[in-house]
Each structure stands twice: as structure tokens, then as C-alpha cells.
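**Student:** model-v5.txt is reproduced in full below (compact mmCIF, C-alpha atoms and all ligand atoms).
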```
# COMPACT_ATOMS: atom_id res chain seq x y z
CA MET A 26 -5.57 -13.88 30.32
CA ASP A 27 -7.31 -11.30 28.16
CA ILE A 28 -4.80 -8.51 27.45
CA LYS A 29 -6.61 -5.32 26.52
CA LYS A 30 -5.35 -3.50 23.44
CA LYS A 31 -4.25 0.12 23.35
CA ALA A 32 -5.42 2.90 21.01
CA ALA A 33 -4.33 6.53 20.79
CA PHE A 34 -4.03 9.56 18.54
CA VAL A 35 -0.52 11.03 18.45
CA ALA A 36 0.18 14.52 17.04
CA VAL A 37 3.66 14.97 15.59
CA VAL A 38 4.68 18.61 16.06
CA GLY A 39 7.77 20.79 15.89
CA ARG A 40 9.65 23.41 13.89
CA PRO A 41 9.71 23.17 10.09
CA SER A 42 12.17 20.66 8.60
CA VAL A 43 12.98 18.83 11.84
CA GLY A 44 11.92 15.55 10.20
CA LYS A 45 8.32 15.09 11.38
CA SER A 46 7.08 13.63 8.09
CA THR A 47 10.16 11.44 7.68
CA LEU A 48 9.53 10.07 11.18
CA VAL A 49 5.83 9.42 10.54
CA ASN A 50 6.70 7.53 7.35
CA LEU A 51 9.30 5.48 9.18
CA LEU A 52 7.02 4.61 12.11
CA CYS A 53 4.17 3.70 9.74
CA GLY A 54 6.45 1.68 7.45
CA ALA A 55 4.86 3.40 4.45
CA LYS A 56 5.00 6.67 2.59
CA VAL A 57 2.17 8.58 4.19
CA ALA A 58 3.49 12.16 4.06
CA ILE A 59 5.69 13.96 1.56
CA VAL A 60 9.22 15.05 2.50
CA SER A 61 11.61 17.74 1.28
CA ALA A 62 14.50 19.89 2.50
CA VAL A 63 12.30 22.97 2.02
CA PRO A 64 10.71 24.21 5.28
CA GLN A 65 6.91 24.09 5.50
CA THR A 66 6.50 21.18 3.12
CA THR A 67 3.57 19.71 5.06
CA ARG A 68 0.42 21.84 4.84
CA ASN A 69 -2.28 19.59 6.33
CA ALA A 70 -2.89 17.23 9.22
CA ILE A 71 -1.97 13.86 7.72
CA ARG A 72 -2.82 10.58 9.37
CA GLY A 73 -0.63 7.51 9.36
CA ILE A 74 -1.86 4.40 11.16
CA VAL A 75 0.30 1.79 12.90
CA HIS A 76 -1.11 -1.62 13.80
CA ARG A 77 0.78 -3.73 16.32
CA PRO A 78 -0.10 -6.63 18.61
CA GLU A 79 -0.20 -4.03 21.47
CA GLY A 80 -2.87 -2.00 19.65
CA GLN A 81 -3.18 0.90 17.26
CA LEU A 82 -1.52 4.31 17.10
CA VAL A 83 -2.81 6.97 14.73
CA PHE A 84 -0.03 9.48 14.02
CA ILE A 85 -1.06 12.90 12.80
CA ASP A 86 1.71 14.70 10.96
CA THR A 87 1.37 18.50 11.10
CA PRO A 88 2.86 21.58 9.41
CA GLY A 89 6.08 22.89 10.99
CA ARG A 90 5.46 25.65 13.53
CA HIS A 91 6.82 29.02 12.45
CA GLU A 92 5.95 32.53 13.61
CA SER A 93 4.83 34.76 10.75
CA GLU A 94 1.81 36.91 10.07
CA ARG A 95 1.44 35.69 6.48
CA LYS A 96 -1.98 34.33 5.72
CA LEU A 97 -0.84 30.85 4.60
CA ASN A 98 1.44 30.51 7.62
CA LYS A 99 -1.38 31.39 9.99
CA LYS A 100 -3.47 28.62 8.43
CA LEU A 101 -0.59 26.17 8.93
CA MET A 102 -0.29 27.18 12.59
CA GLU A 103 -4.04 26.71 13.05
CA VAL A 104 -3.72 23.14 11.73
CA SER A 105 -0.93 22.45 14.21
CA ASP A 106 -2.80 24.07 17.15
CA ARG A 107 -6.06 22.28 16.41
CA THR A 108 -4.35 18.89 16.08
CA MET A 109 -2.52 19.28 19.40
CA GLU A 110 -5.75 20.06 21.21
CA ASP A 111 -7.51 17.01 19.77
CA VAL A 112 -5.03 14.22 20.49
CA ASP A 113 -4.11 11.94 23.38
CA ILE A 114 -0.33 12.23 23.03
CA ILE A 115 2.02 14.82 21.54
CA LEU A 116 5.25 13.73 19.89
CA TYR A 117 7.46 16.81 19.96
CA VAL A 118 10.25 16.54 17.37
CA LEU A 119 13.47 18.59 17.68
CA ASP A 120 16.44 18.73 15.34
CA ALA A 121 19.78 17.91 16.99
CA SER A 122 21.64 19.53 14.11
CA ARG A 123 20.24 23.02 14.74
CA PRO A 124 20.64 24.93 17.99
CA PRO A 125 17.27 25.57 19.66
CA GLY A 126 16.54 29.30 19.38
CA PRO A 127 13.58 31.53 20.23
CA GLU A 128 11.27 29.69 17.81
CA GLU A 129 11.97 26.43 19.63
CA ALA A 130 11.46 28.15 23.01
CA ALA A 131 8.03 29.36 21.85
CA ILE A 132 7.03 25.79 20.96
CA ALA A 133 8.29 24.48 24.32
CA ALA A 134 6.23 27.17 26.08
CA ARG A 135 3.17 26.22 24.04
CA LEU A 136 3.62 22.57 25.10
CA ALA A 137 4.17 23.27 28.81
CA PRO A 138 0.50 22.87 29.82
CA MET A 139 0.40 19.56 27.89
CA ALA A 140 3.73 18.23 29.21
CA ASP A 141 2.12 15.25 30.93
CA ARG A 142 1.01 13.91 27.55
CA THR A 143 4.13 14.92 25.61
CA VAL A 144 7.05 12.80 24.41
CA ALA A 145 10.14 14.57 23.02
CA VAL A 146 12.33 13.10 20.30
CA VAL A 147 15.60 14.66 19.28
CA ASN A 148 15.99 13.71 15.64
CA LYS A 149 18.86 13.58 13.09
CA MET A 150 21.22 11.83 15.54
CA ASP A 151 22.82 10.12 12.51
CA ILE A 152 24.58 13.38 11.63
CA PRO A 153 28.15 13.28 13.00
CA GLN A 154 28.96 15.56 15.94
CA VAL A 155 25.41 16.67 16.67
CA ASP A 156 24.94 17.88 20.23
CA TYR A 157 22.22 15.89 21.99
CA GLU A 158 23.21 17.26 25.40
CA GLN A 159 22.59 20.82 24.22
CA THR A 160 19.05 19.92 23.13
CA LEU A 161 18.40 17.92 26.30
CA ALA A 162 19.59 20.86 28.41
CA PHE A 163 17.24 23.10 26.44
CA LEU A 164 14.32 20.75 27.17
CA LYS A 165 15.16 20.59 30.89
CA ARG A 166 15.33 24.39 31.03
CA GLN A 167 12.36 25.32 28.83
CA LEU A 168 10.05 22.39 29.52
CA PRO A 169 10.89 21.27 33.08
CA GLN A 170 7.45 19.68 33.41
CA LEU A 171 8.50 17.04 30.87
CA ASP A 172 9.87 13.85 32.44
CA THR A 173 13.35 13.16 30.99
CA ALA A 174 12.38 9.48 30.80
CA ARG A 175 10.16 10.69 27.96
CA CYS A 176 13.05 12.29 25.99
CA PHE A 177 14.58 10.16 23.25
CA LYS A 178 17.27 10.47 20.61
CA VAL A 179 16.42 9.07 17.21
CA SER A 180 17.23 9.08 13.54
CA ALA A 181 14.15 9.12 11.35
CA LEU A 182 16.48 8.46 8.44
CA ASN A 183 17.75 5.07 9.63
CA GLY A 184 15.26 4.22 12.41
CA ALA A 185 17.78 4.25 15.28
CA GLY A 186 16.08 4.76 18.64
CA THR A 187 12.54 4.65 17.30
CA GLU A 188 11.50 1.35 18.91
CA ALA A 189 12.01 2.87 22.38
CA VAL A 190 9.71 5.73 21.34
CA MET A 191 7.05 3.26 20.17
CA SER A 192 7.21 1.38 23.50
CA CYS A 193 6.82 4.67 25.39
CA LEU A 194 3.83 5.71 23.24
CA PHE A 195 2.08 2.37 23.75
CA ALA A 196 2.77 2.55 27.49
CA MET A 197 1.12 6.00 27.60
CA ALA A 198 -1.84 5.03 25.40
CA SER A 199 -5.14 4.08 27.03
CA GLU A 200 -6.93 0.82 26.48
CA GLY A 201 -9.43 1.07 23.69
CA SER A 202 -10.79 -0.26 20.43
CA PRO A 203 -8.91 0.47 17.20
CA PHE A 204 -10.09 3.52 15.24
CA TYR A 205 -9.30 2.04 11.82
CA PRO A 206 -9.47 -1.45 10.31
CA GLU A 207 -6.15 -3.37 9.86
CA GLU A 208 -5.80 -2.64 6.14
CA TYR A 209 -5.67 1.15 6.58
CA TYR A 210 -2.29 2.84 6.89
CA THR A 211 -3.65 6.27 6.00
CA ASP A 212 -7.08 7.85 5.52
CA GLN A 213 -6.15 10.35 2.81
CA GLU A 214 -8.40 10.70 -0.19
CA LEU A 215 -6.96 9.52 -3.49
CA ASN A 216 -6.94 12.95 -5.19
CA PHE A 217 -5.18 14.54 -2.21
CA ARG A 218 -2.51 11.84 -2.16
CA ILE A 219 -1.85 12.21 -5.87
CA ALA A 220 -1.63 16.00 -5.55
CA GLU A 221 0.81 15.68 -2.65
CA ILE A 222 3.13 13.31 -4.51
CA ILE A 223 3.21 15.71 -7.47
CA ARG A 224 3.91 18.61 -5.09
CA GLU A 225 6.79 16.67 -3.53
CA LYS A 226 8.41 16.06 -6.90
CA ALA A 227 7.98 19.73 -7.83
CA ILE A 228 9.30 21.08 -4.51
CA ASN A 229 12.35 18.86 -4.72
CA ARG A 230 13.26 20.16 -8.17
CA LEU A 231 12.42 23.85 -7.96
CA ARG A 232 14.43 26.58 -6.28
CA GLU A 233 14.03 29.68 -4.17
CA GLU A 234 10.50 30.94 -3.67
CA LEU A 235 8.85 28.50 -6.08
CA PRO A 236 8.20 25.58 -3.68
CA HIS A 237 6.15 27.91 -1.48
CA ALA A 238 4.44 29.58 -4.41
CA LEU A 239 2.71 26.51 -5.78
CA TYR A 240 -0.04 24.10 -4.99
CA VAL A 241 -1.37 21.12 -6.91
CA GLU A 242 -4.91 20.28 -7.88
CA VAL A 243 -6.20 17.05 -9.40
CA ALA A 244 -8.83 18.13 -11.93
CA ASP A 245 -9.91 14.72 -13.16
CA ALA A 246 -9.20 11.06 -12.44
CA GLU A 247 -10.64 8.14 -14.34
CA LEU A 248 -10.15 4.39 -14.33
CA ARG A 249 -9.51 3.05 -17.83
CA ASP A 250 -8.79 -0.35 -19.42
CA GLU A 251 -11.32 -2.19 -17.25
CA GLY A 252 -9.94 -0.63 -14.10
CA LYS A 253 -6.29 -1.46 -14.78
CA ARG A 254 -5.09 2.06 -15.54
CA LEU A 255 -5.71 5.30 -13.65
CA TRP A 256 -5.66 8.39 -15.85
CA VAL A 257 -5.16 11.64 -13.96
CA ARG A 258 -5.20 15.25 -15.09
CA ALA A 259 -3.53 17.56 -12.59
CA PHE A 260 -2.40 21.18 -12.48
CA ILE A 261 0.58 22.71 -10.76
CA ILE A 262 -0.67 26.15 -9.86
CA THR A 263 1.69 29.09 -9.49
CA GLU A 264 0.86 32.47 -7.99
CA ARG A 265 2.33 34.53 -10.84
CA GLU A 266 2.33 34.11 -14.63
CA SER A 267 6.10 34.65 -14.67
CA GLN A 268 6.61 31.49 -12.56
CA LYS A 269 5.00 29.16 -15.09
CA GLY A 270 8.05 29.13 -17.33
CA MET A 271 10.28 27.89 -14.52
CA VAL A 272 7.91 25.03 -13.71
CA VAL A 273 7.73 24.02 -17.38
CA GLY A 274 11.50 24.41 -17.87
CA LYS A 275 13.54 24.68 -21.06
CA GLY A 276 11.79 22.69 -23.79
CA GLY A 277 9.40 21.30 -21.14
CA GLU A 278 12.23 19.42 -19.38
CA MET A 279 11.21 20.39 -15.83
CA ILE A 280 7.54 19.47 -16.02
CA LYS A 281 8.51 16.22 -17.74
CA ALA A 282 10.90 15.33 -14.90
CA ILE A 283 8.24 16.14 -12.30
CA ARG A 284 5.62 14.09 -14.16
CA GLN A 285 7.89 11.07 -14.58
CA ALA A 286 9.02 11.08 -10.95
CA ALA A 287 5.44 11.45 -9.70
CA GLN A 288 4.21 8.68 -11.98
CA LYS A 289 6.94 6.34 -10.75
CA ASP A 290 6.02 6.93 -7.10
CA LEU A 291 2.29 6.68 -7.73
CA ASN A 292 2.75 3.38 -9.59
CA ARG A 293 4.48 2.05 -6.51
CA LEU A 294 1.99 3.46 -4.00
CA LEU A 295 -1.32 2.81 -5.74
CA GLU A 296 -2.87 -0.34 -7.09
CA TRP A 297 -3.16 0.92 -10.67
CA LYS A 298 -0.79 1.89 -13.42
CA VAL A 299 -0.99 5.66 -13.35
CA GLU A 300 -0.93 7.87 -16.41
CA LEU A 301 -0.45 11.51 -15.54
CA ASP A 302 -1.42 14.47 -17.67
CA LEU A 303 0.34 17.32 -15.86
CA ARG A 304 -0.14 20.99 -16.71
CA VAL A 305 0.73 24.37 -15.24
CA LYS A 306 -1.56 27.31 -14.64
CA THR A 307 -1.70 30.45 -12.51
CA THR A 308 -4.16 31.57 -9.89
CA HIS A 309 -2.94 35.08 -9.25
CA ASP A 310 -1.73 35.58 -5.68
CA TRP A 311 -3.48 32.40 -4.46
CA ARG A 312 -1.76 32.57 -1.07
CA HIS A 313 -4.03 35.52 -0.30
CA ASN A 314 -7.14 34.08 -1.91
CA ASP A 315 -9.65 32.99 0.76
CA GLY A 316 -11.44 30.61 -1.60
CA VAL A 317 -8.25 28.73 -2.49
CA LEU A 318 -7.06 28.65 1.13
CA ARG A 319 -10.42 27.34 2.29
CA ARG A 320 -10.21 24.52 -0.28
CA LEU A 321 -6.65 23.64 0.66
CA PHE A 322 -7.43 23.50 4.36
CA GLU A 323 -10.93 22.09 4.40
CA ARG A 324 -9.85 18.50 4.96
N1 LIG B 1 20.24 13.39 8.44
C1 LIG B 1 18.95 13.32 8.69
N2 LIG B 1 18.07 14.00 7.91
C2 LIG B 1 16.76 13.89 8.19
C3 LIG B 1 16.27 13.08 9.24
N3 LIG B 1 14.91 13.20 9.27
C4 LIG B 1 14.59 14.05 8.26
N4 LIG B 1 15.68 14.47 7.60
C5 LIG B 1 15.75 15.39 6.46
O1 LIG B 1 15.26 16.65 6.89
C6 LIG B 1 14.55 17.30 5.84
C7 LIG B 1 13.15 17.66 6.32
O2 LIG B 1 12.42 16.47 6.53
P1 LIG B 1 10.83 16.45 6.65
O3 LIG B 1 10.46 15.10 7.14
O4 LIG B 1 10.19 16.94 5.40
O5 LIG B 1 10.64 17.53 7.81
P2 LIG B 1 9.29 18.09 8.44
O6 LIG B 1 9.55 18.32 9.88
O7 LIG B 1 8.14 17.22 8.09
O8 LIG B 1 9.18 19.50 7.68
P3 LIG B 1 7.85 20.43 7.43
O9 LIG B 1 6.77 19.57 6.88
O10 LIG B 1 8.35 21.42 6.45
O11 LIG B 1 7.54 21.03 8.75
C8 LIG B 1 14.56 16.34 4.67
O12 LIG B 1 15.62 16.70 3.80
C9 LIG B 1 14.83 14.98 5.33
O13 LIG B 1 15.47 14.07 4.48
C10 LIG B 1 17.21 12.35 10.04
O14 LIG B 1 16.90 11.62 10.99
N5 LIG B 1 18.53 12.51 9.70
MG MG B 2 6.43 17.61 7.03
```
Write out the structure in this file as C-alpha cells.
Ligand SMILES: Nc1nc2c(ncn2[C@@H]2O[C@H](COP(=O)(O)OP(=O)(O)OP(=O)(O)O)[C@@H](O)[C@H]2O)c(=O)[nH]1
Ligand SMILES: [Mg+2]
**Tutor:**
Amino acid sequence: MDIKKKAAFVAVVGRPSVGKSTLVNLLCGAKVAIVSAVPQTTRNAIRGIVHRPEGQLVFIDTPGRHESERKLNKKLMEVSDRTMEDVDIILYVLDASRPPGPEEAAIAARLAPMADRTVAVVNKMDIPQVDYEQTLAFLKRQLPQLDTARCFKVSALNGAGTEAVMSCLFAMASEGSPFYPEEYYTDQELNFRIAEIIREKAINRLREELPHALYVEVADAELRDEGKRLWVRAFIITERESQKGMVVGKGGEMIKAIRQAAQKDLNRLLEWKVELDLRVKTTHDWRHNDGVLRRLFER
């Protein structure tokens, strides 16, 4: 018998820091999106592709949803809104370790009209004493249109519960041809991926406002040594001159640590040996600069 394959786009949405990117990486079995403990790490819609005998799922990781009138935040919300409208299925991620407050209620209300194509996952169940029942009660109250058979508890950290989610997603997906060939697990451009890995290493080492105040740009990339080595020049860009010193660190220690960590990851992820020339510069107040924002969100 000819069993038809499934294919669907799945948007992964939720509050900042609930573990959306960690979950996408786990489901894809590859590092597709960067992760950090700092809220609003993800700034773009990032695709991770899963190939299985049942068919293909294209996960789209999105920025965490947060209410604020700041220009950058509004762009992040637009990415999340647009992605939700475009997909077949919505994977709504909640964090069992944080009580659902008004921000969570606003997301549930936003999802209500799309409840028939939504799956909820309550993440971070590996943390001792988290209260799944509290989150489930919240979902029943705030999103009664959502079938509780489509509510799952998972740990994106260790994978517990995620196979049941995959089965549910494939059951909901329509029959169709795959969108990407087998060898693709993401569709990100090389320069974007490199910039993201550098940003992850910077975010994870810097404190306070700095993770939000920077972006990364790859200025130049060139294959050398008959295509064996990839040389990259990239800039970490701060929004104020006074922040440059903190990114460089005492005697250049900080930028060196960021460069080495990024190089190590890139060597593992890419097919070349990567040599990174990493520098710091300032684009004054870039978070309010339309040109920079357009560039960052044009993908
Ligand atoms: N204990 C535990 N921690 C997790 C789990 N999933 C993610 N985390 C941690 O939660 C933090 C945020 O994870 P991310 O995957 O970056 O969260 P996100 O939802 O993509 O965040 P934004 O991109 O900022 O919206 C990181 O420190 C992760 O290591 C989990 O299942 N269990
Ligand atoms: Mg993320």
C-alpha cells in the first residue's frame, strides 16, 4: 500500500526564555538556533527541518512574545505574529517553572482563534517540584478551545515527552510533498549563522543590559587554503562607545573568550576550519536606527 507522507510548517511560540530554541534544537537533532538564559535571545524566524519516515516538519523558532512599546521589541512581535499567521500548526511553549501571569494570558488570548491548529507543551519538567497542574489549569481556563489531548509535558533539556509531541504533530499534518531536500536541517545563510553563534557566545558572557545592546555583523568571509579554511571578519556592534570596553574586557580577555568559543562551535557546525577575526565597534543607538533594524529583520 502506498502510504502518503506528511508535510507541515510548525511555528514555535511563547514567552521569552521558555525554551523554544532549546526545543527546536532538540527536535531537529542539530544546533539550529542559539540559546541563552537572557530573555529575547532569538530575534528572527529560524527554520529547523526534521525528516522522518512519516514525512517532513519545518519548525520555525520565533522571538519570545513580550509586551513593550520599544522599537526593537515591536519588530520581534511582528516576526512572531507573521510566523503564526503563515503556518499550519502552532507549537505553544510554556514554562512550568514560572507561574503564568498576564503576559501568558495575553498569548493564550492571541492563540484562541487558532486553537484548532495549536499544540501546547509545558516545558522544563526536569526541574524538581514544578507545577504542571497549575499550568494545565491555566490552559483549560484561558484557552478552553484547546483540546487537552493536545497538551504535553516535556523537557527540552533531556528530551523527555518530546516523542509524543512529534507523533501529535505528524498526526495533525496534512499529506504533502517535502518542502526541503533530505540534506537540509536549516535554511539559514552562512553569514547569518556565523553572526548568531558569535552573538550567543557574547550574550552568555556579558551582563546586564549588554546582551540586548549588541548585534553582530559578518563583514567578510573568504575560503582560503584551497577551500579548507574559512576566514571570517565579524564585528560585535554596541549601541554606545562606553560599552565597547566591556565587550573587549581587561587586556582583551573578553573578546578573546568570545572569539575562541565561537570558533570552536563553528568548527563543529561547519565543514571548514574557521578562523575568526573579531572586532568591536559602535553604531550609536542602533536599536532606534531604522536602517539597522531593516537589515536585521529583512530575512
Ligand atoms: N531546566 C531546563 N531549562 C531549560 C529547558 N529548556 C530551556 N531551558 C533553559 O532556559 C533558558 C532559555 O532557553 P531558550 O531556548 O533560549 O529559550 P527561548 O524560549 O528560545 O528564549 P527567547 O529566544 O529569548 O524567547 C536557557 O538557559 C535554557 O538552557 C528545559 O527543558 N529545562
Ligand atoms: Mg529563542
**Student:** Got a sec to check which residues lie within 8 Å of ligand LIG 1 (chain B), using all atoms listed in the file, and send them as a PyMOL selection string?
**Tutor:** chain A and resi 38-48+58-68+86-90+118+148-152+179-184
**Student:** For Leu119 (chain A), which residue among A:Gln213, A:Asn50, A:Gln159, A:Gln154 is the nearest when counting only C-alpha atoms?
**Tutor:**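 Smallest distance to Leu119 (chain A) is found for A:Gln159.
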**Student:** Given the choices A:Gly316, A:Gly186, A:Pro206, A:Gly126, which gets closest to Val75 (chain A) if the distance is worked out from only C-alpha atoms?
**Tutor:** A:Pro206
**Student:** I'd like the interatomic distance between CA of Ile28 (chain A) and CA of Tyr205 (chain A), to a tenth of an Å.
**Tutor:**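 A separation of 19.4 Å between them.
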**Student:** Have a look at A:Ala130, A:Ile223, A:Gly252, A:Ile115 and name the one nearest to Cys193 (chain A); count all atoms listed in the file.
**Tutor:**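 Ranking A:Ala130, A:Ile223, A:Gly252, A:Ile115 by distance to Cys193 (chain A), first place goes to A:Ile115.
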**Student:** Find the residues around Leu168 (chain A) up to 12 Å (all atoms listed in the file counted), leave out those fewer than 3 positions away in its own chain, and share them as a list in words.
**Tutor:**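 Listed by chain and then number, they are Tyr117, Glu129, Ala130, Ala131, Ile132, Ala133, Ala134, Arg135, Leu136, Ala137, Pro138, Met139, Ala140, Asp141, Thr143, Val144, Ala145, Thr160, Leu161, Ala162, Phe163, Leu164, Lys165, Leu171, Asp172, Thr173, Arg175 and Cys176 of chain A.
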**Student:** Pick out the closest residue to ligand MG 2 (chain B) from this set: A:Ile74, A:Leu101, A:Ala246, A:Ala287. Count all atoms listed in the file.
**Tutor:**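 Of A:Ile74, A:Leu101, A:Ala246, A:Ala287, the one nearest ligand MG 2 (chain B) is A:Leu101, counting all atoms listed in the file.
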**Student:** Between A:Tyr210, A:Glu221, A:Lys298, A:Phe177, which residue has the minimum interatomic distance to ligand MG 2 (chain B), considering all atoms listed in the file?
**Tutor:**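 Going through A:Tyr210, A:Glu221, A:Lys298, A:Phe177 one by one, the smallest distance to ligand MG 2 (chain B) is for A:Glu221.
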**Student:** Model the absent atoms of region 130-141 of chain A so that all heavy atoms are present, and write the result as a PDB file, in the frame of the given file.
**Tutor:**
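Final output, result-v8.pdb:
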```pdb
ATOM      1  N   ALA A 130      11.912  27.793  21.654  1.00  0.00           N
ATOM      2  CA  ALA A 130      11.460  28.150  23.010  1.00  0.00           C
ATOM      3  C   ALA A 130       9.955  28.442  23.011  1.00  0.00           C
ATOM      4  O   ALA A 130       9.243  28.083  23.963  1.00  0.00           O
ATOM      5  CB  ALA A 130      12.243  29.350  23.529  1.00  0.00           C
ATOM      6  N   ALA A 131       9.462  29.061  21.937  1.00  0.00           N
ATOM      7  CA  ALA A 131       8.030  29.360  21.850  1.00  0.00           C
ATOM      8  C   ALA A 131       7.217  28.067  21.767  1.00  0.00           C
ATOM      9  O   ALA A 131       6.140  27.948  22.363  1.00  0.00           O
ATOM     10  CB  ALA A 131       7.754  30.237  20.624  1.00  0.00           C
ATOM     11  N   ILE A 132       7.743  27.081  21.064  1.00  0.00           N
ATOM     12  CA  ILE A 132       7.030  25.790  20.960  1.00  0.00           C
ATOM     13  C   ILE A 132       7.033  25.095  22.335  1.00  0.00           C
ATOM     14  O   ILE A 132       6.002  24.595  22.794  1.00  0.00           O
ATOM     15  CB  ILE A 132       7.668  24.884  19.887  1.00  0.00           C
ATOM     16  CG1 ILE A 132       7.615  25.577  18.520  1.00  0.00           C
ATOM     17  CG2 ILE A 132       6.963  23.527  19.834  1.00  0.00           C
ATOM     18  CD1 ILE A 132       8.314  24.836  17.405  1.00  0.00           C
ATOM     19  N   ALA A 133       8.192  25.104  22.990  1.00  0.00           N
ATOM     20  CA  ALA A 133       8.290  24.480  24.320  1.00  0.00           C
ATOM     21  C   ALA A 133       7.284  25.132  25.276  1.00  0.00           C
ATOM     22  O   ALA A 133       6.600  24.438  26.048  1.00  0.00           O
ATOM     23  CB  ALA A 133       9.714  24.588  24.858  1.00  0.00           C
ATOM     24  N   ALA A 134       7.166  26.457  25.201  1.00  0.00           N
ATOM     25  CA  ALA A 134       6.230  27.170  26.080  1.00  0.00           C
ATOM     26  C   ALA A 134       4.786  26.774  25.759  1.00  0.00           C
ATOM     27  O   ALA A 134       3.963  26.588  26.661  1.00  0.00           O
ATOM     28  CB  ALA A 134       6.407  28.680  25.917  1.00  0.00           C
ATOM     29  N   ARG A 135       4.508  26.611  24.476  1.00  0.00           N
ATOM     30  CA  ARG A 135       3.170  26.220  24.040  1.00  0.00           C
ATOM     31  C   ARG A 135       2.817  24.817  24.571  1.00  0.00           C
ATOM     32  O   ARG A 135       1.663  24.517  24.863  1.00  0.00           O
ATOM     33  CB  ARG A 135       3.143  26.247  22.501  1.00  0.00           C
ATOM     34  CG  ARG A 135       1.878  25.828  21.826  1.00  0.00           C
ATOM     35  CD  ARG A 135       0.849  26.943  21.863  1.00  0.00           C
ATOM     36  NE  ARG A 135      -0.367  26.580  21.149  1.00  0.00           N
ATOM     37  CZ  ARG A 135      -1.284  25.743  21.604  1.00  0.00           C
ATOM     38  NH1 ARG A 135      -1.107  25.151  22.759  1.00  0.00           N
ATOM     39  NH2 ARG A 135      -2.371  25.478  20.903  1.00  0.00           N
ATOM     40  N   LEU A 136       3.860  23.960  24.681  1.00  0.00           N
ATOM     41  CA  LEU A 136       3.620  22.570  25.100  1.00  0.00           C
ATOM     42  C   LEU A 136       3.584  22.403  26.619  1.00  0.00           C
ATOM     43  O   LEU A 136       3.117  21.370  27.120  1.00  0.00           O
ATOM     44  CB  LEU A 136       4.706  21.654  24.517  1.00  0.00           C
ATOM     45  CG  LEU A 136       4.647  21.458  23.001  1.00  0.00           C
ATOM     46  CD1 LEU A 136       5.826  20.627  22.529  1.00  0.00           C
ATOM     47  CD2 LEU A 136       3.336  20.766  22.604  1.00  0.00           C
ATOM     48  N   ALA A 137       4.065  23.400  27.347  1.00  0.00           N
ATOM     49  CA  ALA A 137       4.170  23.270  28.810  1.00  0.00           C
ATOM     50  C   ALA A 137       2.886  22.767  29.479  1.00  0.00           C
ATOM     51  O   ALA A 137       2.933  21.821  30.269  1.00  0.00           O
ATOM     52  CB  ALA A 137       4.656  24.575  29.424  1.00  0.00           C
ATOM     53  N   PRO A 138       1.714  23.355  29.149  1.00  0.00           N
ATOM     54  CA  PRO A 138       0.500  22.870  29.820  1.00  0.00           C
ATOM     55  C   PRO A 138       0.121  21.431  29.429  1.00  0.00           C
ATOM     56  O   PRO A 138      -0.721  20.822  30.078  1.00  0.00           O
ATOM     57  CB  PRO A 138      -0.602  23.835  29.334  1.00  0.00           C
ATOM     58  CG  PRO A 138       0.075  24.919  28.582  1.00  0.00           C
ATOM     59  CD  PRO A 138       1.444  24.457  28.220  1.00  0.00           C
ATOM     60  N   MET A 139       0.736  20.919  28.355  1.00  0.00           N
ATOM     61  CA  MET A 139       0.400  19.560  27.890  1.00  0.00           C
ATOM     62  C   MET A 139       1.552  18.596  28.154  1.00  0.00           C
ATOM     63  O   MET A 139       1.607  17.512  27.589  1.00  0.00           O
ATOM     64  CB  MET A 139       0.127  19.577  26.377  1.00  0.00           C
ATOM     65  CG  MET A 139      -0.819  20.648  25.923  1.00  0.00           C
ATOM     66  SD  MET A 139      -0.871  20.701  24.121  1.00  0.00           S
ATOM     67  CE  MET A 139      -1.272  22.419  23.866  1.00  0.00           C
ATOM     68  N   ALA A 140       2.496  19.018  29.026  1.00  0.00           N
ATOM     69  CA  ALA A 140       3.730  18.230  29.210  1.00  0.00           C
ATOM     70  C   ALA A 140       3.463  16.803  29.668  1.00  0.00           C
ATOM     71  O   ALA A 140       4.196  15.884  29.310  1.00  0.00           O
ATOM     72  CB  ALA A 140       4.641  18.943  30.199  1.00  0.00           C
ATOM     73  N   ASP A 141       2.373  16.601  30.430  1.00  0.00           N
ATOM     74  CA  ASP A 141       2.120  15.250  30.930  1.00  0.00           C
ATOM     75  C   ASP A 141       1.680  14.284  29.834  1.00  0.00           C
ATOM     76  O   ASP A 141       1.684  13.077  30.031  1.00  0.00           O
ATOM     77  CB  ASP A 141       1.068  15.281  32.059  1.00  0.00           C
ATOM     78  CG  ASP A 141      -0.238  15.896  31.601  1.00  0.00           C
ATOM     79  OD1 ASP A 141      -0.207  16.691  30.624  1.00  0.00           O
ATOM     80  OD2 ASP A 141      -1.291  15.593  32.190  1.00  0.00           O
TER      81      ASP A 141
END
```
